[in-house]
$ cat start-v7.txt   # compact mmCIF, C-alpha atoms
# COMPACT_ATOMS: atom_id res chain seq x y z
CA MET X 1 229.62 184.34 12.37
CA LYS X 2 230.19 185.76 15.85
CA VAL X 3 226.91 186.47 17.64
CA LEU X 4 226.27 188.46 20.84
CA VAL X 5 222.92 188.01 22.59
CA ILE X 6 221.81 190.61 25.14
CA GLY X 7 219.64 189.35 28.01
CA SER X 8 219.46 186.82 30.82
CA GLY X 9 216.12 185.02 30.69
CA ALA X 10 214.66 181.78 29.35
CA ARG X 11 213.92 183.57 26.08
CA GLU X 12 217.62 184.37 25.68
CA HIS X 13 218.57 180.82 26.67
CA ALA X 14 216.22 179.51 23.94
CA LEU X 15 217.78 181.93 21.44
CA CYS X 16 221.31 180.93 22.45
CA ARG X 17 220.46 177.24 22.27
CA SER X 18 219.11 177.63 18.73
CA LEU X 19 222.02 179.83 17.66
CA SER X 20 224.53 177.36 19.09
CA LEU X 21 223.12 174.70 16.77
CA ALA X 22 223.50 176.88 13.65
CA PRO X 23 226.43 175.68 11.50
CA ASP X 24 227.46 179.23 10.55
CA VAL X 25 227.86 180.41 14.17
CA THR X 26 231.56 180.20 15.06
CA ALA X 27 231.39 182.02 18.41
CA LEU X 28 228.45 182.71 20.70
CA HIS X 29 228.45 185.31 23.47
CA CYS X 30 225.77 186.47 25.88
CA ALA X 31 225.58 189.41 28.27
CA PRO X 32 224.82 189.14 31.09
CA GLY X 33 223.37 185.64 30.63
CA ASN X 34 222.59 183.11 33.37
CA ALA X 35 223.80 179.78 34.71
CA GLY X 36 222.17 177.80 31.93
CA ILE X 37 223.26 180.05 29.06
CA ALA X 38 226.85 179.65 30.30
CA GLU X 39 226.72 176.06 29.02
CA VAL X 40 226.32 177.19 25.38
CA ALA X 41 227.76 180.73 25.28
CA GLU X 42 230.59 182.76 26.77
CA LEU X 43 229.16 185.18 29.33
CA HIS X 44 230.09 188.84 29.79
CA GLN X 45 229.01 191.35 32.40
CA VAL X 46 227.36 194.44 30.92
CA ASP X 47 224.57 196.84 31.77
CA ALA X 48 222.00 195.76 29.18
CA LEU X 49 220.39 199.23 29.29
CA ASP X 50 223.65 201.02 28.47
CA GLY X 51 223.90 201.36 24.71
CA ALA X 52 227.49 202.58 24.80
CA ALA X 53 228.59 199.65 26.98
CA VAL X 54 226.81 197.09 24.79
CA THR X 55 228.32 198.67 21.67
CA ALA X 56 231.79 198.61 23.18
CA LEU X 57 231.40 194.92 24.05
CA ALA X 58 230.13 194.06 20.56
CA THR X 59 233.04 195.93 18.98
CA ARG X 60 235.62 194.30 21.26
CA LEU X 61 234.25 190.84 20.47
CA GLY X 62 234.12 191.55 16.74
CA ALA X 63 230.46 190.58 16.69
CA ASP X 64 228.90 190.06 13.26
CA LEU X 65 225.40 190.20 14.77
CA VAL X 66 223.94 191.51 18.02
CA VAL X 67 220.55 190.18 19.16
CA VAL X 68 218.80 192.35 21.77
CA GLY X 69 216.44 190.06 23.66
CA PRO X 70 214.49 192.02 26.32
CA GLU X 71 212.12 194.93 25.80
CA ALA X 72 213.70 197.39 28.24
CA PRO X 73 217.02 197.74 26.34
CA LEU X 74 215.09 198.15 23.07
CA VAL X 75 212.92 200.93 24.49
CA ALA X 76 216.10 202.48 25.94
CA GLY X 77 217.63 202.67 22.44
CA VAL X 78 220.36 200.05 22.80
CA ALA X 79 219.78 198.76 19.26
CA ASP X 80 220.25 202.30 17.91
CA ALA X 81 223.64 202.63 19.57
CA VAL X 82 224.86 199.31 18.19
CA ARG X 83 223.47 200.06 14.72
CA GLU X 84 225.14 203.47 14.63
CA ALA X 85 228.48 201.75 15.28
CA GLY X 86 228.02 199.76 12.07
CA VAL X 87 227.28 196.42 13.72
CA PRO X 88 224.23 194.53 12.38
CA VAL X 89 221.64 194.29 15.13
CA PHE X 90 218.41 192.32 15.43
CA GLY X 91 216.01 194.56 17.29
CA PRO X 92 213.99 197.70 16.55
CA SER X 93 215.02 201.28 17.16
CA LYS X 94 213.95 203.15 20.28
CA GLU X 95 211.18 204.90 18.34
CA ALA X 96 209.92 201.71 16.70
CA ALA X 97 210.03 199.83 20.03
CA GLN X 98 207.30 202.16 21.26
CA LEU X 99 204.93 199.62 19.73
CA GLU X 100 205.57 197.80 22.98
CA GLY X 101 206.75 200.69 25.12
CA SER X 102 203.43 202.52 24.86
CA LYS X 103 200.03 200.87 24.52
CA ALA X 104 198.59 204.22 23.44
CA PHE X 105 201.17 204.56 20.66
CA ALA X 106 200.40 201.03 19.46
CA LYS X 107 196.67 201.83 19.35
CA ASP X 108 197.42 204.92 17.27
CA VAL X 109 199.49 202.90 14.80
CA MET X 110 196.79 200.23 14.55
CA ALA X 111 194.12 202.86 13.89
CA ALA X 112 196.20 204.43 11.10
CA ALA X 113 196.98 201.00 9.59
CA GLY X 114 193.42 199.71 9.80
CA VAL X 115 194.46 196.84 12.08
CA PRO X 116 191.55 195.21 13.95
CA THR X 117 191.81 195.67 17.71
CA ALA X 118 189.68 196.32 20.78
CA ARG X 119 187.94 199.68 21.19
CA SER X 120 189.77 201.64 23.86
CA TYR X 121 190.27 204.87 25.80
CA VAL X 122 193.55 206.39 26.93
CA CYS X 123 193.09 207.79 30.45
CA THR X 124 195.23 210.00 32.67
CA THR X 125 192.71 211.20 35.27
CA GLU X 126 190.41 209.51 37.74
CA ASP X 127 187.35 210.93 35.97
CA GLU X 128 188.51 209.60 32.60
CA VAL X 129 189.08 206.17 34.15
CA ALA X 130 185.62 206.12 35.71
CA GLU X 131 184.00 207.13 32.42
CA ALA X 132 185.87 204.49 30.43
CA LEU X 133 185.11 201.70 32.91
CA ASP X 134 181.46 202.65 32.85
CA ALA X 135 181.40 202.72 29.04
CA PHE X 136 182.70 199.18 28.62
CA GLY X 137 181.40 197.47 31.75
CA ALA X 138 182.68 194.16 33.17
CA PRO X 139 184.92 192.35 32.66
CA TYR X 140 187.20 195.36 32.97
CA VAL X 141 190.49 195.45 31.02
CA VAL X 142 193.01 197.98 32.37
CA LYS X 143 196.51 198.21 30.89
CA ASP X 144 199.47 200.20 32.13
CA ASP X 145 200.56 202.28 29.14
CA GLY X 146 204.26 201.61 29.74
CA LEU X 147 206.47 198.55 30.18
CA ALA X 148 205.46 196.32 33.07
CA ALA X 149 207.32 193.03 32.48
CA GLY X 150 204.17 191.29 31.30
CA LYS X 151 202.26 192.10 34.49
CA GLY X 152 200.77 195.52 33.68
CA VAL X 153 197.36 194.21 32.65
CA VAL X 154 194.41 193.57 34.94
CA VAL X 155 191.30 191.76 33.70
CA THR X 156 188.68 191.65 36.43
CA GLN X 157 184.97 191.64 37.27
CA ASP X 158 185.76 193.82 40.30
CA ILE X 159 185.46 197.51 39.47
CA GLU X 160 187.38 198.48 42.62
CA ALA X 161 190.32 196.31 41.54
CA ALA X 162 190.18 197.94 38.10
CA ARG X 163 190.18 201.42 39.64
CA ALA X 164 193.04 200.53 41.98
CA HIS X 165 195.22 199.29 39.12
CA ALA X 166 194.49 202.42 37.09
CA ALA X 167 195.31 204.63 40.08
CA GLY X 168 198.74 203.05 40.31
CA CYS X 169 199.63 203.92 36.71
CA GLU X 170 200.58 207.28 35.24
CA ARG X 171 198.59 206.58 32.09
CA VAL X 172 196.34 203.63 31.27
CA VAL X 173 194.56 202.15 28.30
CA ILE X 174 191.10 200.87 29.16
CA GLU X 175 189.50 198.71 26.50
CA GLU X 176 186.64 196.39 25.74
CA PHE X 177 187.03 192.76 26.76
CA LEU X 178 187.81 190.44 23.84
CA ASP X 179 186.21 186.99 23.95
CA GLY X 180 187.70 183.84 22.47
CA PRO X 181 191.05 182.02 22.69
CA GLU X 182 194.33 183.91 22.58
CA VAL X 183 197.14 183.22 20.12
CA SER X 184 200.72 184.51 19.94
CA LEU X 185 202.21 185.01 16.49
CA PHE X 186 205.79 186.19 15.94
CA ALA X 187 207.05 187.74 12.73
CA ILE X 188 210.60 188.55 11.71
CA THR X 189 210.88 191.72 9.62
CA ASP X 190 213.55 193.94 8.12
CA GLY X 191 211.16 196.89 7.97
CA ARG X 192 209.64 195.88 4.64
CA THR X 193 209.48 192.11 4.21
CA VAL X 194 207.57 190.21 6.92
CA VAL X 195 208.21 186.52 7.63
CA PRO X 196 205.70 185.02 10.09
CA LEU X 197 206.70 182.16 12.38
CA GLN X 198 204.41 179.40 13.67
CA PRO X 199 201.68 180.37 16.14
CA ALA X 200 201.73 179.41 19.81
CA GLN X 201 199.46 179.75 22.82
CA ASP X 202 200.69 180.76 26.26
CA PHE X 203 199.14 180.60 29.73
CA LYS X 204 199.28 183.90 31.57
CA ARG X 205 197.44 183.12 34.79
CA ALA X 206 199.41 181.72 37.71
CA LEU X 207 197.14 178.78 38.57
CA ASP X 208 195.47 175.85 36.85
CA GLY X 209 192.23 176.56 35.06
CA ASP X 210 193.37 180.10 34.26
CA GLU X 211 192.86 181.17 37.85
CA GLY X 212 195.01 183.50 39.93
CA PRO X 213 196.88 186.68 39.00
CA ASN X 214 198.46 187.53 35.66
CA THR X 215 202.09 186.52 35.22
CA GLY X 216 204.73 186.83 32.56
CA GLY X 217 203.62 183.40 31.34
CA MET X 218 203.51 179.94 32.96
CA GLY X 219 203.80 177.76 29.87
CA ALA X 220 203.10 177.48 26.15
CA TYR X 221 202.62 175.05 23.30
CA SER X 222 202.82 174.86 19.51
CA PRO X 223 201.31 174.04 17.04
CA LEU X 224 197.64 174.87 17.61
CA PRO X 225 195.59 171.95 16.27
CA TRP X 226 192.33 173.84 16.79
CA ALA X 227 193.34 176.96 14.85
CA ASP X 228 192.20 177.77 11.31
CA PRO X 229 194.94 176.67 8.87
CA LYS X 230 194.60 180.07 7.18
CA LEU X 231 195.18 181.99 10.43
CA VAL X 232 198.84 182.90 9.77
CA ASP X 233 198.11 184.15 6.26
CA GLU X 234 195.16 186.19 7.54
CA VAL X 235 197.19 187.80 10.33
CA LEU X 236 200.04 188.55 7.92
CA GLU X 237 197.63 190.32 5.58
CA THR X 238 195.48 192.18 8.10
CA VAL X 239 197.85 192.83 11.03
CA LEU X 240 201.56 192.29 10.52
CA GLN X 241 202.22 193.70 7.04
CA PRO X 242 199.96 196.77 7.52
CA THR X 243 201.69 197.57 10.83
CA VAL X 244 205.18 197.28 9.34
CA ASP X 245 204.08 199.39 6.35
CA GLU X 246 202.64 202.07 8.64
CA MET X 247 205.80 202.22 10.74
CA ARG X 248 207.88 202.68 7.57
CA ARG X 249 205.46 205.37 6.33
CA ARG X 250 206.01 207.26 9.60
CA GLY X 251 209.75 207.26 9.04
CA THR X 252 210.39 204.85 11.93
CA PRO X 253 210.76 201.48 10.20
CA PHE X 254 210.38 198.45 12.46
CA SER X 255 213.19 195.91 12.04
CA GLY X 256 213.38 192.91 14.34
CA LEU X 257 210.75 190.71 15.96
CA LEU X 258 207.15 191.90 15.88
CA TYR X 259 204.98 189.93 18.30
CA ALA X 260 201.22 190.05 17.88
CA GLY X 261 199.10 188.93 20.80
CA LEU X 262 195.76 188.02 19.25
CA ALA X 263 192.23 187.15 20.35
CA ILE X 264 190.21 184.92 18.03
CA THR X 265 186.85 186.50 18.80
CA SER X 266 183.34 185.80 17.58
CA ARG X 267 183.81 188.85 15.32
CA GLY X 268 187.17 187.75 13.93
CA VAL X 269 190.84 188.24 14.81
CA ARG X 270 191.64 191.21 17.06
CA VAL X 271 195.03 192.42 18.29
CA ILE X 272 195.37 192.47 22.07
CA GLU X 273 198.89 193.91 22.09
CA PHE X 274 202.16 194.20 20.24
CA ASN X 275 205.57 193.35 21.62
CA ALA X 276 208.86 194.38 20.04
CA ARG X 277 210.80 191.20 20.83
CA PHE X 278 210.48 187.45 21.17
CA GLY X 279 207.90 186.53 23.81
CA ASP X 280 208.53 184.35 26.83
CA PRO X 281 207.51 181.48 27.12
CA GLU X 282 206.30 181.19 23.50
CA THR X 283 209.84 181.53 22.11
CA GLN X 284 210.78 178.27 23.78
CA VAL X 285 208.21 176.21 21.84
CA VAL X 286 208.41 178.09 18.54
CA LEU X 287 212.20 177.78 18.28
CA ALA X 288 212.00 174.12 19.33
CA ARG X 289 210.12 173.50 16.06
CA LEU X 290 212.19 175.72 13.73
CA LYS X 291 214.47 173.67 11.44
CA THR X 292 215.94 176.59 9.46
CA PRO X 293 219.17 177.77 11.16
CA LEU X 294 218.20 180.81 13.23
CA ALA X 295 221.35 182.90 12.80
CA GLY X 296 220.92 183.41 9.07
CA VAL X 297 217.30 184.49 9.51
CA LEU X 298 218.14 187.08 12.16
CA LEU X 299 221.09 188.40 10.14
CA ALA X 300 218.90 188.77 7.05
CA ALA X 301 216.46 190.87 9.09
CA ALA X 302 219.31 192.98 10.48
CA THR X 303 220.79 193.61 7.02
CA GLY X 304 217.55 194.17 5.09
CA THR X 305 217.75 191.02 2.97
CA LEU X 306 214.78 188.98 4.19
CA ASP X 307 213.27 188.92 0.70
CA ASP X 308 216.23 186.77 -0.40
CA LEU X 309 215.58 184.18 2.30
CA GLU X 310 214.34 180.69 1.46
CA PRO X 311 210.97 179.76 3.05
CA LEU X 312 211.38 178.70 6.67
CA ARG X 313 211.39 174.97 7.40
CA TRP X 314 209.46 173.58 10.37
CA SER X 315 209.36 170.30 12.23
CA ASP X 316 206.04 168.46 12.30
CA ASP X 317 206.69 167.74 15.98
CA ALA X 318 204.79 169.48 18.76
CA ALA X 319 206.46 171.38 21.59
CA VAL X 320 205.35 172.17 25.14
CA THR X 321 207.09 174.28 27.78
CA VAL X 322 206.24 174.39 31.49
CA VAL X 323 207.52 177.21 33.69
CA VAL X 324 208.81 176.36 37.17
CA ALA X 325 208.42 179.45 39.32
CA SER X 326 209.66 180.49 42.75
CA HIS X 327 207.64 180.47 45.94
CA ASN X 328 205.21 183.43 46.01
CA TYR X 329 205.51 184.30 42.30
CA PRO X 330 204.13 186.60 40.84
CA GLY X 331 204.43 188.43 44.13
CA THR X 332 207.87 189.08 45.63
CA PRO X 333 209.62 185.77 44.91
CA ARG X 334 211.85 183.92 47.32
CA THR X 335 215.33 183.48 45.85
CA GLY X 336 218.54 181.67 46.73
CA ASP X 337 216.98 178.18 46.92
CA PRO X 338 219.13 175.36 45.48
CA ILE X 339 217.89 173.68 42.30
CA THR X 340 218.39 169.94 41.96
CA GLY X 341 217.68 167.41 39.23
CA LEU X 342 219.04 169.37 36.27
CA ASP X 343 221.64 166.70 35.54
CA ALA X 344 218.93 164.04 35.75
CA VAL X 345 216.89 165.79 33.05
CA ALA X 346 219.97 166.07 30.84
CA ALA X 347 220.76 162.39 31.35
CA GLU X 348 217.29 160.87 31.20
CA ASP X 349 215.17 163.13 29.00
CA ALA X 350 217.49 164.57 26.34
CA PRO X 351 217.17 165.25 23.46
CA HIS X 352 213.38 165.33 23.64
CA ALA X 353 213.25 167.42 26.83
CA TYR X 354 215.61 170.05 28.18
CA VAL X 355 215.72 172.87 30.70
CA LEU X 356 216.03 176.54 29.80
CA HIS X 357 217.15 178.83 32.60
CA ALA X 358 215.47 182.14 33.46
CA GLY X 359 215.95 183.31 37.06
CA THR X 360 219.04 181.33 38.05
CA ARG X 361 222.59 182.01 39.17
CA ARG X 362 225.57 179.92 40.15
CA ASP X 363 226.50 179.84 43.85
CA GLY X 364 229.73 177.89 44.13
CA ASP X 365 229.01 174.45 42.74
CA ALA X 366 225.26 174.89 43.09
CA ILE X 367 222.68 176.55 40.86
CA VAL X 368 220.12 178.55 42.84
CA SER X 369 216.96 180.48 42.10
CA ALA X 370 217.41 184.17 41.36
CA GLY X 371 214.01 185.37 40.16
CA GLY X 372 210.31 184.71 39.87
CA ARG X 373 210.20 182.44 36.85
CA VAL X 374 213.19 180.17 37.38
CA LEU X 375 213.14 177.52 34.65
CA SER X 376 211.30 176.64 31.44
CA VAL X 377 211.16 172.89 30.91
CA THR X 378 210.65 172.32 27.19
CA ALA X 379 209.87 169.07 25.39
CA THR X 380 209.01 167.90 21.88
CA GLY X 381 207.01 164.93 20.68
CA THR X 382 205.13 163.56 17.71
CA ASP X 383 202.00 165.25 19.06
CA LEU X 384 201.02 167.52 21.92
CA MET X 385 200.14 164.61 24.17
CA GLN X 386 203.63 163.10 23.91
CA ALA X 387 205.36 166.50 24.20
CA ARG X 388 203.28 167.31 27.26
CA GLU X 389 204.04 163.97 28.93
CA ARG X 390 207.76 164.43 28.33
CA ALA X 391 207.71 167.97 29.69
CA TYR X 392 206.00 166.97 32.93
CA GLU X 393 208.22 163.92 33.37
CA ALA X 394 211.20 166.27 33.23
CA VAL X 395 209.56 168.75 35.62
CA ALA X 396 209.10 165.92 38.12
CA ARG X 397 212.88 165.37 38.23
CA ILE X 398 213.56 168.96 39.32
CA GLY X 399 213.73 169.95 42.95
CA LEU X 400 213.20 173.56 44.08
CA GLU X 401 211.76 174.13 47.54
CA GLY X 402 208.46 176.00 47.49
CA SER X 403 208.34 176.08 43.71
CA GLN X 404 205.12 176.10 41.73
CA HIS X 405 204.03 175.22 38.22
CA ARG X 406 200.78 174.75 36.37
CA THR X 407 199.76 171.18 35.70
CA ASP X 408 197.38 171.91 32.80
CA ILE X 409 199.65 173.40 30.13
CA ALA X 410 198.36 172.25 26.71
CA ALA X 411 196.00 169.75 28.39
CA LYS X 412 192.84 170.81 26.53
CA ALA X 413 194.57 171.10 23.17
CA ALA X 414 196.24 167.68 23.61
CA ALA X 415 192.86 166.16 24.45
CA GLY X 416 191.21 167.84 21.46
CA VAL X 417 188.94 169.95 23.67
$ encode --input "start-v7.txt" --output "structure tokens"
Amino acid sequence: MKVLVIGSGAREHALCRSLSLAPDVTALHCAPGNAGIAEVAELHQVDALDGAAVTALATRLGADLVVVGPEAPLVAGVADAVREAGVPVFGPSKEAAQLEGSKAFAKDVMAAAGVPTARSYVCTTEDEVAEALDAFGAPYVVKDDGLAAGKGVVVTQDIEAARAHAAGCERVVIEEFLDGPEVSLFAITDGRTVVPLQPAQDFKRALDGDEGPNTGGMGAYSPLPWADPKLVDEVLETVLQPTVDEMRRRGTPFSGLLYAGLAITSRGVRVIEFNARFGDPETQVVLARLKTPLAGVLLAAATGTLDDLEPLRWSDDAAVTVVVASHNYPGTPRTGDPITGLDAVAAEDAPHAYVLHAGTRRDGDAIVSAGGRVLSVTATGTDLMQARERAYEAVARIGLEGSQHRTDIAAKAAAGV
């Protein structure tokens, strides 16, 4: 099987790494990729938002499967263009991707499907914003309706900060604050059958102790020893399957990766948001534990044959990933700084720890930073404590001037707190 992955982040590196290990993958390509992905896949330059260009590349390569990684190409309709050319593609249509592309659309789908979520208002004027903020009170939750690379949400006690965020958005969703821990649960679907993966928890705040601004994610771990063993079955029954059924009822079936961001509240499970693709950094830890070859699963979703798939097999090991970010992230990051120690991780920590590239590029013989989140250092172990220790030992070998990372990823869960 020849596979083409679209994207250039740590999520795509994790996908490519897993696909490269699948025995039925004979050729692996990625566009545009990054310095790390180049070690496992052949890279190609393409505008990931240009459906015609992506389709032309897939056709030229003779791809048997195209995997669209990021949300922006999905919302732009890239999967539609590839699908119309007769190439199997893992990723929802432009219309179905609105589950992520518009928070208001997702709320409408959840209401129709009876999916539990936070009460909310969709606001387009200053008066509507003021009324909604007053109705819910602090802490205020203000979400940009459109795509915002994981940074469109503000949760704050400061009403002026909430108003300022709303003022900077064309349309916002303002909702009640959901208490309790957050969980990420992915599901692979062909538009009818839904196959949930293992849950993970990510860390969105920039600083230890969940302080600082929201980011795209600073680390993650799986499994969740504190979670109810019945959680996945409950979410499949009350969230994932009803949403997929509702999308099919509307004539816009959702095929690809449905990501449910969940809050385990005192009143039960509530959906915080949907994404239409693998999440970053949760993908890194979930795929590290998946034993079933990934390529066959994604192809089954793309070809509508998930109901024929054998149950997924999972490792009992735990996985932890720690994001190494550039100076000043999540503000305007400093780029172009040399990265050292990657060879040391490969030599000293493999196979239990490895580095997945996100914002990197090659500059001559050097690999340098090229974005906000630069690397995801991922490790496995017999339990979260061992996986966490291995991840941080590997992080310590990496040099990147001015870089930052959280030191408390999975700490409470590993300690049983």
$ residues_around --input "start-v7.txt" --residues "range 278-287 of chain X" --least-positions-apart "3" --cutoff "7 Å" --atoms "all atoms listed in the file" --output "list in words"
Arg11, Ala14, Ser18, Gly69, Gln198, Ala200, Asp202, Gly217, Gly219, Ala220, Tyr221, Ser222, Leu257, Tyr259, Leu290, Ala319, Val320, Thr321 and Thr378 of chain X
$ atom_distance --input "start-v7.txt" --atom1 "CA of Ser376 in chain X" --atom2 "CA of Val269 in chain X"
28.8 Å
$ atom_distance --input "start-v7.txt" --atom1 "CA of Ser266 in chain X" --atom2 "CA of Ala227 in chain X"
13.6 Å
$ residues_near_point --input "start-v7.txt" --point "(217.0, 194.9, 16.1)" --cutoff "12 Å" --atoms "only C-alpha atoms" --output "ChimeraX atom specification"
/X:5-6,65-71,73-75,77-84,87-97,188-191,253-258,276-278,298-304
$ atom_distance --input "start-v7.txt" --atom1 "CA of Ile272 in chain X" --atom2 "CA of Leu178 in chain X"
8.0 Å
$ closest_residue --input "start-v7.txt" --among "X:Gly101, X:Val155, X:Ala166, X:Met1" --to "Ala63 in chain X" --atoms "all atoms listed in the file"
X:Met1
$ residues_around --input "start-v7.txt" --residues "His44 in chain X" --least-positions-apart "4" --cutoff "8 Å" --atoms "only C-alpha atoms" --output "list of chain:residue names"
X:His29, X:Cys30, X:Ala31, X:Pro32, X:Gly33
$ closest_residue --input "start-v7.txt" --among "X:Ile264, X:Ala379, X:Leu207, X:Ala161" --to "Tyr329 in chain X" --atoms "only C-alpha atoms"
X:Leu207
$ closest_residue --input "start-v7.txt" --among "X:Ile174, X:Ala35, X:Phe105, X:Gln201" --to "Phe274 in chain X" --atoms "only C-alpha atoms"
X:Phe105
$ residues_around --input "start-v7.txt" --residues "Val271 in chain X" --least-positions-apart "6" --cutoff "10 Å" --atoms "all atoms listed in the file" --output "PDB file with C-alpha atoms, in the frame of the given file"
ATOM      1  CA  LYS X 107     196.670 201.830  19.350  1.00  0.00           C
ATOM      2  CA  MET X 110     196.790 200.230  14.550  1.00  0.00           C
ATOM      3  CA  VAL X 115     194.460 196.840  12.080  1.00  0.00           C
ATOM      4  CA  PRO X 116     191.550 195.210  13.950  1.00  0.00           C
ATOM      5  CA  THR X 117     191.810 195.670  17.710  1.00  0.00           C
ATOM      6  CA  ALA X 118     189.680 196.320  20.780  1.00  0.00           C
ATOM      7  CA  LEU X 178     187.810 190.440  23.840  1.00  0.00           C
ATOM      8  CA  GLU X 182     194.330 183.910  22.580  1.00  0.00           C
ATOM      9  CA  VAL X 183     197.140 183.220  20.120  1.00  0.00           C
ATOM     10  CA  SER X 184     200.720 184.510  19.940  1.00  0.00           C
ATOM     11  CA  VAL X 235     197.190 187.800  10.330  1.00  0.00           C
ATOM     12  CA  VAL X 239     197.850 192.830  11.030  1.00  0.00           C
ATOM     13  CA  ALA X 260     201.220 190.050  17.880  1.00  0.00           C
ATOM     14  CA  GLY X 261     199.100 188.930  20.800  1.00  0.00           C
ATOM     15  CA  LEU X 262     195.760 188.020  19.250  1.00  0.00           C
ATOM     16  CA  ALA X 263     192.230 187.150  20.350  1.00  0.00           C
ATOM     17  CA  ILE X 264     190.210 184.920  18.030  1.00  0.00           C
TER      18      ILE X 264
END
$ build_atoms --input "start-v7.txt" --residues "range 114-126 of chain X" --atoms "N, CA and C atoms" --output "PDB file, in the coordinates of the input"
ATOM      1  N   GLY X 114     194.641 200.475   9.985  1.00  0.00           N
ATOM      2  CA  GLY X 114     193.420 199.710   9.800  1.00  0.00           C
ATOM      3  C   GLY X 114     193.492 198.309  10.384  1.00  0.00           C
ATOM      4  N   VAL X 115     194.289 198.149  11.436  1.00  0.00           N
ATOM      5  CA  VAL X 115     194.460 196.840  12.080  1.00  0.00           C
ATOM      6  C   VAL X 115     193.337 196.611  13.085  1.00  0.00           C
ATOM      7  N   PRO X 116     192.667 195.461  13.029  1.00  0.00           N
ATOM      8  CA  PRO X 116     191.550 195.210  13.950  1.00  0.00           C
ATOM      9  C   PRO X 116     192.027 195.020  15.387  1.00  0.00           C
ATOM     10  N   THR X 117     191.447 195.766  16.300  1.00  0.00           N
ATOM     11  CA  THR X 117     191.810 195.670  17.710  1.00  0.00           C
ATOM     12  C   THR X 117     190.615 196.070  18.560  1.00  0.00           C
ATOM     13  N   ALA X 118     190.771 195.963  19.871  1.00  0.00           N
ATOM     14  CA  ALA X 118     189.680 196.320  20.780  1.00  0.00           C
ATOM     15  C   ALA X 118     189.482 197.828  20.818  1.00  0.00           C
ATOM     16  N   ARG X 119     188.228 198.250  20.956  1.00  0.00           N
ATOM     17  CA  ARG X 119     187.940 199.680  21.190  1.00  0.00           C
ATOM     18  C   ARG X 119     188.539 200.065  22.538  1.00  0.00           C
ATOM     19  N   SER X 120     189.044 201.282  22.646  1.00  0.00           N
ATOM     20  CA  SER X 120     189.770 201.640  23.860  1.00  0.00           C
ATOM     21  C   SER X 120     189.732 203.136  24.129  1.00  0.00           C
ATOM     22  N   TYR X 121     190.067 203.478  25.372  1.00  0.00           N
ATOM     23  CA  TYR X 121     190.270 204.870  25.800  1.00  0.00           C
ATOM     24  C   TYR X 121     191.630 204.977  26.477  1.00  0.00           C
ATOM     25  N   VAL X 122     192.325 206.076  26.217  1.00  0.00           N
ATOM     26  CA  VAL X 122     193.550 206.390  26.930  1.00  0.00           C
ATOM     27  C   VAL X 122     193.196 207.364  28.045  1.00  0.00           C
ATOM     28  N   CYS X 123     193.542 207.014  29.293  1.00  0.00           N
ATOM     29  CA  CYS X 123     193.090 207.790  30.450  1.00  0.00           C
ATOM     30  C   CYS X 123     194.276 208.241  31.298  1.00  0.00           C
ATOM     31  N   THR X 124     194.204 209.480  31.768  1.00  0.00           N
ATOM     32  CA  THR X 124     195.230 210.000  32.670  1.00  0.00           C
ATOM     33  C   THR X 124     194.651 210.550  33.961  1.00  0.00           C
ATOM     34  N   THR X 125     193.333 210.662  34.053  1.00  0.00           N
ATOM     35  CA  THR X 125     192.710 211.200  35.270  1.00  0.00           C
ATOM     36  C   THR X 125     191.710 210.193  35.830  1.00  0.00           C
ATOM     37  N   GLU X 126     191.379 210.388  37.085  1.00  0.00           N
ATOM     38  CA  GLU X 126     190.410 209.510  37.740  1.00  0.00           C
ATOM     39  C   GLU X 126     189.049 209.573  37.066  1.00  0.00           C
TER      40      GLU X 126
END
